[in-house]
Each structure stands twice: as C-alpha cells, then as structure tokens.
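Shown below: structure.txt, with compact mmCIF, C-alpha atoms and all ligand atoms.
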# COMPACT_ATOMS: atom_id res chain seq x y z
CA MET A 3 0.00 0.00 0.00
CA ILE A 4 1.08 3.55 -0.73
CA ILE A 5 0.39 5.65 2.37
CA ILE A 6 0.25 9.43 2.63
CA PRO A 7 2.60 10.85 5.27
CA GLU A 8 0.11 12.37 7.68
CA PRO A 9 0.78 12.15 11.44
CA ALA A 10 -1.75 9.35 12.10
CA ASN A 11 -0.04 7.21 9.48
CA ILE A 12 3.42 7.87 10.92
CA GLN A 13 2.01 6.69 14.25
CA ARG A 14 0.61 3.61 12.55
CA ALA A 15 3.99 2.92 10.98
CA ALA A 16 5.63 3.15 14.40
CA SER A 17 3.12 0.62 15.79
CA LEU A 18 3.85 -1.73 12.91
CA LEU A 19 7.58 -1.51 13.67
CA GLU A 20 6.86 -2.16 17.34
CA ARG A 21 4.99 -5.34 16.32
CA GLY A 22 7.98 -6.53 14.29
CA ASP A 23 6.53 -5.61 10.90
CA LEU A 24 8.39 -3.74 8.17
CA VAL A 25 7.69 -0.22 6.90
CA VAL A 26 9.07 1.58 3.85
CA PHE A 27 9.88 5.25 4.36
CA PRO A 28 11.65 8.00 2.42
CA THR A 29 15.01 9.41 3.43
CA GLU A 30 16.82 12.25 1.68
CA THR A 31 18.92 9.64 -0.18
CA VAL A 32 16.71 6.69 -1.16
CA TYR A 33 13.67 4.87 0.27
CA GLY A 34 14.52 2.51 3.12
CA LEU A 35 12.95 -0.84 4.07
CA GLY A 36 12.73 -0.27 7.81
CA GLY A 37 12.54 -2.71 10.69
CA ASP A 38 13.15 -2.73 14.44
CA ALA A 39 16.95 -2.81 14.85
CA ARG A 40 16.59 -4.72 18.13
CA SER A 41 14.66 -7.59 16.64
CA ASP A 42 16.32 -10.57 14.92
CA ARG A 43 12.96 -11.55 13.53
CA SER A 44 12.44 -8.16 11.84
CA VAL A 45 15.97 -8.18 10.48
CA ALA A 46 15.58 -11.70 9.13
CA HIS A 47 12.38 -10.55 7.44
CA ILE A 48 14.27 -7.66 5.77
CA PHE A 49 16.93 -10.04 4.44
CA ALA A 50 14.24 -12.34 3.10
CA VAL A 51 12.21 -9.59 1.39
CA LYS A 52 15.34 -8.15 -0.26
CA ASN A 53 16.99 -11.49 -1.08
CA ARG A 54 20.02 -10.03 0.61
CA PRO A 55 23.04 -12.13 1.56
CA SER A 56 22.92 -12.11 5.35
CA PHE A 57 26.66 -11.42 5.69
CA ASN A 58 25.95 -7.89 4.42
CA PRO A 59 25.22 -5.76 7.52
CA LEU A 60 22.56 -3.03 7.74
CA ILE A 61 22.69 0.65 8.63
CA VAL A 62 21.13 1.59 11.97
CA HIS A 63 19.12 4.82 11.74
CA ILE A 64 18.70 6.95 14.83
CA LEU A 65 17.28 10.36 15.65
CA ASN A 66 20.44 12.18 16.70
CA LEU A 67 24.01 11.91 17.98
CA GLU A 68 22.86 11.32 21.54
CA ALA A 69 20.85 8.27 20.46
CA ALA A 70 23.79 7.08 18.36
CA GLU A 71 26.14 7.09 21.35
CA GLU A 72 24.12 4.31 22.89
CA PHE A 73 25.35 1.96 20.15
CA ALA A 74 28.94 2.98 19.37
CA PHE A 75 32.09 4.61 20.73
CA PHE A 76 32.68 8.06 19.24
CA ASN A 77 36.21 9.40 19.34
CA GLN A 78 36.84 13.12 18.77
CA THR A 79 36.98 12.75 14.98
CA ALA A 80 33.79 10.72 14.79
CA ARG A 81 31.99 13.16 17.08
CA SER A 82 33.01 16.19 15.09
CA LEU A 83 31.92 14.54 11.82
CA ALA A 84 28.57 13.67 13.36
CA GLN A 85 28.08 17.15 14.81
CA TYR A 86 28.86 18.77 11.50
CA PHE A 87 27.15 16.47 8.96
CA TRP A 88 24.19 15.01 10.88
CA PRO A 89 21.37 14.97 10.14
CA GLY A 90 22.35 14.19 6.56
CA PRO A 91 23.61 11.62 4.05
CA LEU A 92 26.62 10.41 6.04
CA THR A 93 26.92 6.94 7.60
CA LEU A 94 29.63 6.34 10.22
CA VAL A 95 31.05 2.87 10.86
CA LEU A 96 32.31 2.84 14.44
CA PRO A 97 33.31 0.38 17.19
CA ARG A 98 30.13 -1.19 18.50
CA LYS A 99 29.05 -1.14 22.14
CA LYS A 100 28.43 -4.81 22.81
CA GLU A 101 25.98 -4.25 25.63
CA ALA A 102 23.61 -2.18 23.48
CA ASN A 103 20.30 -3.69 22.48
CA LEU A 104 20.86 -4.40 18.77
CA SER A 105 20.14 -7.47 16.69
CA LEU A 106 23.42 -9.29 15.99
CA LEU A 107 21.97 -10.32 12.67
CA ALA A 108 21.66 -6.62 11.72
CA VAL A 109 25.37 -6.06 12.28
CA SER A 110 26.37 -9.47 10.88
CA GLY A 111 28.14 -10.18 14.15
CA LEU A 112 30.81 -7.53 13.38
CA ASP A 113 32.61 -5.50 16.06
CA THR A 114 31.48 -2.33 14.31
CA VAL A 115 28.12 -0.76 13.57
CA ALA A 116 27.02 1.60 10.77
CA LEU A 117 25.03 4.58 12.07
CA ARG A 118 23.15 7.32 10.26
CA VAL A 119 20.85 10.21 11.21
CA PRO A 120 18.65 10.96 8.19
CA SER A 121 17.50 14.54 7.63
CA HIS A 122 14.25 13.77 5.78
CA PRO A 123 11.31 15.07 7.84
CA ILE A 124 9.34 11.83 7.40
CA ALA A 125 12.29 9.71 8.50
CA GLN A 126 12.78 12.04 11.46
CA ALA A 127 9.08 11.87 12.37
CA LEU A 128 9.12 8.06 12.20
CA LEU A 129 12.23 7.81 14.39
CA LYS A 130 10.60 10.16 16.89
CA ALA A 131 7.38 8.17 16.97
CA PHE A 132 9.12 4.79 17.26
CA GLU A 133 11.65 6.01 19.86
CA ASN A 134 14.04 3.22 18.88
CA PRO A 135 16.67 2.47 16.23
CA ILE A 136 15.48 1.46 12.76
CA VAL A 137 17.56 -0.67 10.41
CA ALA A 138 16.89 0.24 6.82
CA PRO A 139 18.59 -0.96 3.67
CA SER A 140 17.44 0.51 0.39
CA ALA A 141 13.92 -0.77 -0.34
CA ASN A 142 14.70 -2.85 -3.42
CA LYS A 143 15.69 -6.41 -4.27
CA SER A 144 19.36 -6.90 -3.59
CA GLY A 145 21.45 -5.97 -6.63
CA TYR A 146 18.73 -3.98 -8.35
CA LEU A 147 18.36 -0.19 -8.65
CA SER A 148 17.75 1.75 -5.44
CA PRO A 149 14.30 3.38 -5.13
CA THR A 150 13.92 7.15 -5.21
CA GLU A 151 10.12 7.15 -5.63
CA ALA A 152 7.39 5.12 -3.94
CA TRP A 153 6.44 3.26 -7.13
CA HIS A 154 10.05 2.05 -7.54
CA VAL A 155 9.62 0.21 -4.24
CA GLN A 156 6.47 -1.52 -5.39
CA ASP A 157 8.05 -2.30 -8.73
CA SER A 158 10.89 -4.12 -7.01
CA LEU A 159 9.30 -5.57 -3.86
CA GLY A 160 5.71 -6.10 -4.93
CA ARG A 161 2.50 -4.20 -4.73
CA GLU A 162 0.47 -5.61 -1.90
CA ALA A 163 2.06 -6.39 1.39
CA LEU A 164 4.31 -3.48 2.21
CA PHE A 165 3.34 -0.28 4.00
CA VAL A 166 5.05 2.38 1.84
CA ILE A 167 5.02 5.94 3.16
CA ASP A 168 5.06 8.17 0.09
CA GLY A 169 7.28 11.23 0.45
CA GLY A 170 7.55 11.94 -3.27
CA ARG A 171 10.91 11.88 -4.99
CA THR A 172 13.91 11.75 -2.65
CA TYR A 173 15.99 14.88 -3.08
CA LYS A 174 19.57 13.56 -2.98
CA GLY A 175 18.86 10.47 -5.05
CA LEU A 176 21.99 8.50 -4.11
CA GLU A 177 22.75 6.50 -0.96
CA SER A 178 24.65 7.98 1.97
CA THR A 179 28.42 8.21 1.94
CA ILE A 180 29.94 5.62 4.30
CA LEU A 181 33.04 6.40 6.39
CA GLN A 182 34.80 4.14 8.83
CA VAL A 183 36.55 5.97 11.66
CA MET A 184 39.42 3.93 13.13
CA ASP A 185 41.42 5.88 15.67
CA GLU A 186 42.63 8.90 13.70
CA ASP A 187 42.09 7.29 10.30
CA VAL A 188 38.96 8.06 8.33
CA ILE A 189 38.35 5.62 5.53
CA LEU A 190 35.90 6.03 2.68
CA LEU A 191 33.94 2.78 2.34
CA ARG A 192 31.27 3.97 -0.11
CA HIS A 193 30.99 7.06 -2.26
CA GLY A 194 27.61 8.68 -1.80
CA ALA A 195 25.49 11.80 -1.59
CA LEU A 196 28.01 13.67 0.55
CA SER A 197 31.09 14.29 -1.59
CA GLN A 198 34.59 13.23 -0.63
CA GLU A 199 35.76 16.83 -1.20
CA GLU A 200 33.28 18.24 1.34
CA ILE A 201 34.41 15.75 3.97
CA GLU A 202 38.11 16.35 3.28
CA GLU A 203 37.62 20.06 3.46
CA PHE A 204 35.99 19.72 6.85
CA LEU A 205 38.67 17.35 8.18
CA GLY A 206 41.54 19.27 6.62
CA LYS A 207 43.05 16.02 5.32
CA ARG A 208 42.60 13.35 2.68
CA LEU A 209 40.39 10.34 3.35
CA GLY A 210 41.93 6.88 3.29
CA SER A 211 40.47 4.25 1.01
CA HIS A 212 39.91 0.71 2.07
CA SER A 213 42.66 -1.57 0.87
CA SER A 214 41.53 -5.01 -0.21
CA GLY A 215 41.26 -7.50 2.57
CA ASP A 216 40.12 -7.11 6.08
CA ILE A 217 37.61 -4.27 6.13
CA ASN A 218 34.14 -5.52 5.43
CA ALA A 219 33.40 -2.91 2.80
CA PRO A 220 29.87 -2.18 1.67
CA GLY A 221 28.42 -2.65 -1.76
CA GLN A 222 31.57 -4.43 -2.81
CA LEU A 223 29.76 -7.03 -4.81
CA THR A 224 30.83 -5.62 -8.16
CA SER A 225 27.48 -5.96 -9.85
CA HIS A 226 24.98 -3.87 -7.92
CA TYR A 227 22.33 -1.25 -8.60
CA SER A 228 21.58 -2.94 -11.92
CA PRO A 229 18.68 -2.30 -14.25
CA ARG A 230 17.43 -5.14 -16.45
CA LEU A 231 18.80 -3.57 -19.63
CA ALA A 232 22.54 -3.55 -20.27
CA LEU A 233 24.32 -0.25 -19.78
CA ARG A 234 26.98 1.35 -21.96
CA LEU A 235 29.00 4.10 -20.26
CA ASN A 236 30.95 7.19 -21.40
CA VAL A 237 28.98 7.26 -24.61
CA VAL A 238 29.50 10.17 -26.96
CA ASP A 239 27.71 8.65 -29.95
CA PRO A 240 24.59 6.69 -28.99
CA GLN A 241 23.46 3.94 -31.36
CA PRO A 242 19.99 3.47 -32.83
CA GLY A 243 17.75 1.59 -30.40
CA GLU A 244 19.61 2.76 -27.32
CA ALA A 245 18.03 5.02 -24.74
CA PHE A 246 20.48 7.90 -24.35
CA ILE A 247 21.03 9.57 -20.99
CA ALA A 248 22.85 12.82 -21.70
CA PHE A 249 24.66 15.16 -19.33
CA GLY A 250 25.03 18.83 -20.25
CA GLN A 251 25.31 19.86 -23.87
CA THR A 252 24.98 17.14 -26.48
CA ASN A 253 24.88 16.99 -30.27
CA HIS A 254 22.61 13.98 -30.17
CA GLN A 255 18.96 13.44 -29.49
CA ALA A 256 18.89 12.77 -25.75
CA THR A 257 16.13 10.51 -24.41
CA VAL A 258 16.62 12.35 -21.10
CA ASN A 259 19.25 14.73 -19.75
CA LEU A 260 20.61 14.28 -16.22
CA SER A 261 21.30 18.00 -16.07
CA VAL A 262 21.18 20.37 -19.01
CA GLU A 263 23.28 22.81 -16.96
CA SER A 264 25.87 20.11 -16.11
CA ASN A 265 24.95 20.34 -12.42
CA LEU A 266 26.19 17.16 -10.69
CA ARG A 267 23.76 17.41 -7.75
CA GLU A 268 20.83 17.61 -10.10
CA ALA A 269 22.29 14.67 -12.03
CA ALA A 270 22.62 12.59 -8.84
CA ALA A 271 19.03 13.33 -7.86
CA ASN A 272 17.83 12.24 -11.31
CA LEU A 273 20.02 9.18 -11.87
CA PHE A 274 18.03 6.30 -10.36
CA SER A 275 14.68 7.77 -11.43
CA PHE A 276 15.83 8.00 -15.03
CA LEU A 277 17.28 4.48 -14.96
CA HIS A 278 13.96 3.19 -13.57
CA ASN A 279 12.00 4.98 -16.28
CA LEU A 280 14.24 3.82 -19.13
CA ASP A 281 14.59 0.23 -17.96
CA ARG A 282 12.22 -0.93 -20.70
CA PRO A 283 13.47 -3.93 -22.68
CA ASP A 284 10.28 -3.59 -24.74
CA LEU A 285 11.38 -0.14 -25.98
CA TYR A 286 15.18 -0.09 -25.99
CA THR A 287 18.09 -2.40 -26.72
CA ARG A 288 20.36 -0.83 -24.12
CA ILE A 289 20.87 2.28 -22.00
CA ALA A 290 23.74 4.52 -23.10
CA VAL A 291 25.07 7.11 -20.67
CA ALA A 292 27.18 10.17 -21.48
CA PRO A 293 30.47 10.74 -19.60
CA ILE A 294 30.00 12.26 -16.14
CA PRO A 295 32.94 14.12 -14.56
CA LYS A 296 34.37 12.27 -11.55
CA ILE A 297 34.51 15.33 -9.34
CA GLY A 298 32.41 15.98 -6.22
CA ILE A 299 29.30 13.86 -6.17
CA GLY A 300 30.23 12.79 -9.73
CA ALA A 301 32.46 10.16 -8.08
CA ALA A 302 29.39 8.52 -6.53
CA ILE A 303 27.43 8.78 -9.79
CA ASN A 304 30.25 7.02 -11.65
CA ASP A 305 30.55 4.39 -8.92
CA ARG A 306 26.84 3.51 -9.24
CA LEU A 307 26.99 3.51 -13.04
CA GLU A 308 30.06 1.24 -13.12
CA ARG A 309 28.39 -1.25 -10.79
CA ALA A 310 25.16 -1.08 -12.76
CA ALA A 311 27.11 -1.81 -15.96
CA ALA A 312 29.13 -4.70 -14.49
CA PRO A 313 28.19 -8.16 -15.79
CA LYS A 314 25.73 -9.91 -13.48
O1 LIG B 401 21.37 6.20 2.10
C1 LIG B 401 21.46 5.10 2.66
O2 LIG B 401 22.47 4.76 3.29
C2 LIG B 401 20.27 4.16 2.55
C3 LIG B 401 19.08 4.78 3.30
C4 LIG B 401 17.87 3.91 3.30
O3 LIG B 401 19.48 5.14 4.59
N1 LIG B 401 20.57 2.86 3.04
C5 LIG B 401 21.41 2.01 2.41
O4 LIG B 401 21.52 0.78 3.01
O5 LIG B 401 22.01 2.31 1.39
P1 LIG B 401 22.13 -0.49 2.28
O6 LIG B 401 21.82 -1.63 3.18
O7 LIG B 401 21.64 -0.58 0.89
O8 LIG B 401 23.66 -0.24 2.31
C6 LIG B 401 24.34 -0.26 3.55
C7 LIG B 401 25.78 -0.59 3.36
C8 LIG B 401 25.98 -2.04 2.97
O9 LIG B 401 26.68 -2.11 1.74
C9 LIG B 401 26.79 -2.63 4.12
O10 LIG B 401 27.78 -3.50 3.67
C10 LIG B 401 27.40 -1.39 4.77
O11 LIG B 401 26.43 -0.40 4.61
N2 LIG B 401 27.64 -1.62 6.20
C11 LIG B 401 26.74 -1.77 7.19
N3 LIG B 401 27.35 -2.02 8.36
C12 LIG B 401 28.68 -2.03 8.13
C13 LIG B 401 29.84 -2.24 8.92
N4 LIG B 401 29.75 -2.50 10.22
N5 LIG B 401 31.05 -2.15 8.32
C14 LIG B 401 31.14 -1.88 7.01
N6 LIG B 401 30.08 -1.68 6.18
C15 LIG B 401 28.87 -1.76 6.73
MG MG B 402 21.28 -0.88 -1.33

Taking this structure as input, can you express it in the form of structure tokens?
Amino acid sequence: MIIIPEPANIQRAASLLERGDLVVFPTETVYGLGGDARSDRSVAHIFAVKNRPSFNPLIVHILNLEAAEEFAFFNQTARSLAQYFWPGPLTLVLPRKKEANLSLLAVSGLDTVALRVPSHPIAQALLKAFENPIVAPSANKSGYLSPTEAWHVQDSLGREALFVIDGGRTYKGLESTILQVMDEDVILLRHGALSQEEIEEFLGKRLGSHSSGDINAPGQLTSHYSPRLALRLNVVDPQPGEAFIAFGQTNHQATVNLSVESNLREAAANLFSFLHNLDRPDLYTRIAVAPIPKIGIGAAINDRLERAAAPK
C-alpha cells in the first residue's frame, strides 16, 4: 500500500515496527525498508524480502548523535563529523558497544556498527514516533536499482504487502556516503550523496580508502544497482535503439538529460529515477550514458553507473 505521510499514518507505521513488521519510508537519499533494529525476527524478514546475503550488515538509523552514542564509541573525529554532517547523508562505521540492544543479525556479528541520522522530515518523524533504532537498507531487491520514488519500491518488492510511506521523490537520489573511523584514520567505504571533497575540506586532510582484505566494505559485490537492460558508459555517440542519458550539452537526441546545466547534484538526484524509467526492454536495446565528470558527487554517480554496468 502507498500511504500518505500524515501524522496518524506515521504513528501507525511506528506501531507496525513495534509489532515486528516492516515499513518503507523516504530518506533524503533513497527509500529505506525499515525494521526494528533490536529484533532478529524483523531483520531476518528484511533479508528475506530483499533477497540479501545475510553477511551484508545493515545501517542503523537513529534520531540524533545522543541516540547514536548508545550503540557505538565516538572518538573526537567521529563526534566532530557527526556534529557537522548530521542529520544528513553520512553513515559512520564505528566500534560497537556490545551491551547495546541491537540485533546481531543486523550487524552481521561484526565489532562495528554503521550509524546514520537521516534529515528527511518523514524519516525524522518516524524515528521520533518509534523512539528506537530502525535498520533500513534501500527498499529494493538486492542488486537492483535503489528506489527514489514510492512506485520504484512496489516495482521491485511487490505491490500488496508493504506499508510504503510516500514522500515523493527523494531529493539527494543516491545512498549515503559511508566512512569508517578507526582511531585517527577516516576511511571512505562507499561514495555517496556527501562528496569526498566536502568531507576532506571539513577534516583538513585526505580520506583513506579501504585496501583489499580485512575491512568488510559495503556494496563491494561488483554488480549492484543494476537495471534489467545492459548499460553502456561514457557514450559520446549513442546507437539506434539505445536510450540515451545525456549530461550537459549534447549533439545527439537525448532521451533524457541528467542536467542540461551540467549540475552534478541535479544529475545525482535524477540518476536512479531516469534508470527506472528507461529500464524498458520492450522499448530499448540498451541504455547509453554520457560521460560524467568524476569530481564531487560525480564520483558517486560514476561508482553507481560502473556497478550497474558490471556483468551480473
Ligand atoms: O542512504 C542510505 O544509506 C540508505 C538509506 C535507506 O538510509 N541505506 C542504504 O543501506 O544504502 P544499504 O543496506 O543498501 O547499504 C548499507 C551498506 C551495505 O553495503 C553494508 O555492507 C554497509 O552499509 N555496512 C553496514 N554495516 C557495516 C559495517 N559494520 N562495516 C562496514 N560496512 C557496513
Ligand atoms: Mg542498497
């Protein structure tokens, strides 16, 4: 069901969570499939609905930094990042407080936990009403495109069962940026809606990147975020039959344009919606995408496109 976001329905959603049921809600990045972070049963249900490998841990959403400190140890760096960027599209992976009431299934038994304070008013209202942490992966089948509109959720997860709070199109359009803070090191685990440059400017130093091996890095399954149609990237000359996603000025007939003004934020907000709309094997042979500069949030756009284009 698609539900309008009036207060009585937010309250209803909180009661459903309390009962162990799942609720889909908008965040500023993408729609999340939410469940009670304390409940193994709810978390198992999320994994089942998404077809998600259960070794892939979930992000715990909370209302504010104070609530977050119940679940993880914040050093000075982590605290200053949280104070500056929360609420917003930043997820922090931090050492987990073992005594906290969290489902071990949600954190895949790791010693760390991923925490995020979303800024979307509906997400905030739901967290306030529920008064507890909510785990929420993107509300799509594992490996498929992330949802930025309510109908994308139904398209991927089915029409009937789920309670989907409709907040319209999400305004960032790409998942949160994930950082792991380990002592004084800050490591970028996933490019996302908050650009690497903004974070580095705030910290006054470069971010580390995860070297292969021990860190359990997110979204590292190479094929991810995939539409049904094949994708061709960095396309200057689209071929007949292809849907063409342009960026900025183009000499070709664009099917859609991520941003006529070459604005990367606008492009990020449009990306998944356009891919959803053009994912029509009945109309097109393939989706061709123009080159997108890898600066600012362009890094996250390219990351998603490369994963979407990777062979399944
Ligand atoms: O914007 C977002 O972050 C959205 C909205 C709904 O909040 N959520 C989202 O969740 O993208 P999901 O489950 O699709 O991606 C979460 C990523 C996973 O790739 C997972 O591997 C990583 O976070 N993750 C969670 N806990 C982790 C941990 N302890 N260490 C490393 N990575 C972790
Ligand atoms: Mg996802």

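Considering all atoms listed in the file, the residues that reside within 10 Å of ligand MG 402 (chain B) can be listed as A:Val32, A:Tyr33, A:Gly34, A:Leu35, A:Lys52, A:Arg54, A:Leu60, A:Ala138, A:Pro139, A:Ser140, A:Ala141, A:Asn142, A:Lys143, A:Ser144, A:Gly145, A:Tyr146, A:Leu147, A:Ser148, A:Pro149, A:Leu176, A:Glu177, A:Pro220, A:Gly221, A:His226, A:Tyr227.
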
>> Need to verify the contact set: stretch 63-72 of chain A, 9 Å, all atoms listed in the file, exclusion of same-chain residues closer than 4 positions in sequence. Can you return it as an NGL selection string?
In response: :A and (39 or 76 or 81 or 84-85 or 88-89 or 99 or 102-103 or 116-120 or 125-127 or 129-130 or 133-138)

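In terms of minimum interatomic distance to A:Tyr173, A:Ser275 ranks closest within A:Thr252, A:Ser82, A:Ser275, A:Thr287, counting all atoms listed in the file.
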
>> Would you pick out the contacts of A:Val258 at 9 Å or less, using all atoms listed in the file, so that residues sharing its chain but fewer than 2 positions from it are not included, and give the list as a list in words?
In response: Ala245, Phe246, Ile247, Ala248, Phe249, Gln255, Ala256, Leu260, Ser261 and Phe276 of chain A

The selected residues should be written to file as an mmCIF file, in the frame of the given file (atoms: C-alpha atoms).
data_model
loop_
_atom_site.group_PDB
_atom_site.id
_atom_site.type_symbol
_atom_site.label_atom_id
_atom_site.label_comp_id
_atom_site.auth_asym_id
_atom_site.auth_seq_id
_atom_site.Cartn_x
_atom_site.Cartn_y
_atom_site.Cartn_z
ATOM 1 C CA ALA A 245 18.030 5.020 -24.740
ATOM 2 C CA PHE A 246 20.480 7.900 -24.350
ATOM 3 C CA ILE A 247 21.030 9.570 -20.990
ATOM 4 C CA ALA A 248 22.850 12.820 -21.700
ATOM 5 C CA PHE A 249 24.660 15.160 -19.330
ATOM 6 C CA GLN A 255 18.960 13.440 -29.490
ATOM 7 C CA ALA A 256 18.890 12.770 -25.750
ATOM 8 C CA LEU A 260 20.610 14.280 -16.220
ATOM 9 C CA SER A 261 21.300 18.000 -16.070
ATOM 10 C CA PHE A 276 15.830 8.000 -15.030
#

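Taking only C-alpha atoms, the non-local environment of stretch 229-242 of chain A within 7 Å (same-chain residues fewer than 3 positions away omitted) comprises Tyr146, Leu147, Phe246, Leu277, Asp281, Pro283, Arg288, Ile289, Ala290, Val291, Ala292, Pro293, Ala310 and Ala311 of chain A.
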
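In this comparison, which uses all atoms listed in the file, the residue of A:His47, A:Leu18, A:Leu92, A:Asn11 approaching ligand LIG 401 (chain B) most closely is A:Leu92.
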
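Close contacts of A:Val166, defined as residues with an atom at most 9 Å away when counting all atoms listed in the file, with chain neighbours fewer than 5 positions off set aside, comprise Met3, Ile4, Ile5, Ile6, Val25, Val26, Phe27, Pro28, Leu35, Ala152, Val155 and Gln156 of chain A.
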
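Nearest residue to A:Gly206 among A:Leu96, A:Val262, A:Leu83, A:Ile124 is A:Leu83, counting all atoms listed in the file.
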
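Nearest residue to ligand LIG 401 (chain B), choosing from A:Pro9, A:Gly210, A:Gly175, A:Gly22 and counting only C-alpha atoms and all ligand atoms: A:Gly175.
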
>> Would you pick out the contacts of A:Val115 at 7 Å or less, using all atoms listed in the file, so that residues sharing its chain but fewer than 5 positions from it are not included, and give the list as a ChimeraX atom specification?
In response: /A:74,95-98,109

Let me know the centre plus edge lengths, in Å and rounded to one decimal, of a box with edges along x, y and z that contains all listed atoms of stretch 162-181 of chain A and is padded by 8 Å on every side, as AutoDock Vina command-line options.
--center_x 16.8 --center_y 4.2 --center_z 0.7 --size_x 48.6 --size_y 37.3 --size_z 27.4

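We find atom CA of A:Glu186 and atom CA of A:Asn58 to be spaced 25.4 Å apart.
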
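Interatomic distance, atom CA of A:Leu107 against atom CA of A:Ala46: 7.4 Å.
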
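Minimum atom-to-atom distances from A:Ser56, A:Ser41, A:Gln251, A:Ser228 to A:Glu263 were compared using all atoms listed in the file, and the lowest value belongs to A:Gln251.
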
>> So the first atom is atom CA of A:Asp187 and the second is atom CA of A:Thr79; what is the distance between them in Å, to one decimal place?
In response: 8.8 Å

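Using all atoms listed in the file, the smallest distance between any of A:Ala108, A:Val188, A:Ala312, A:Ile294 and A:Val62 comes from A:Ala108.
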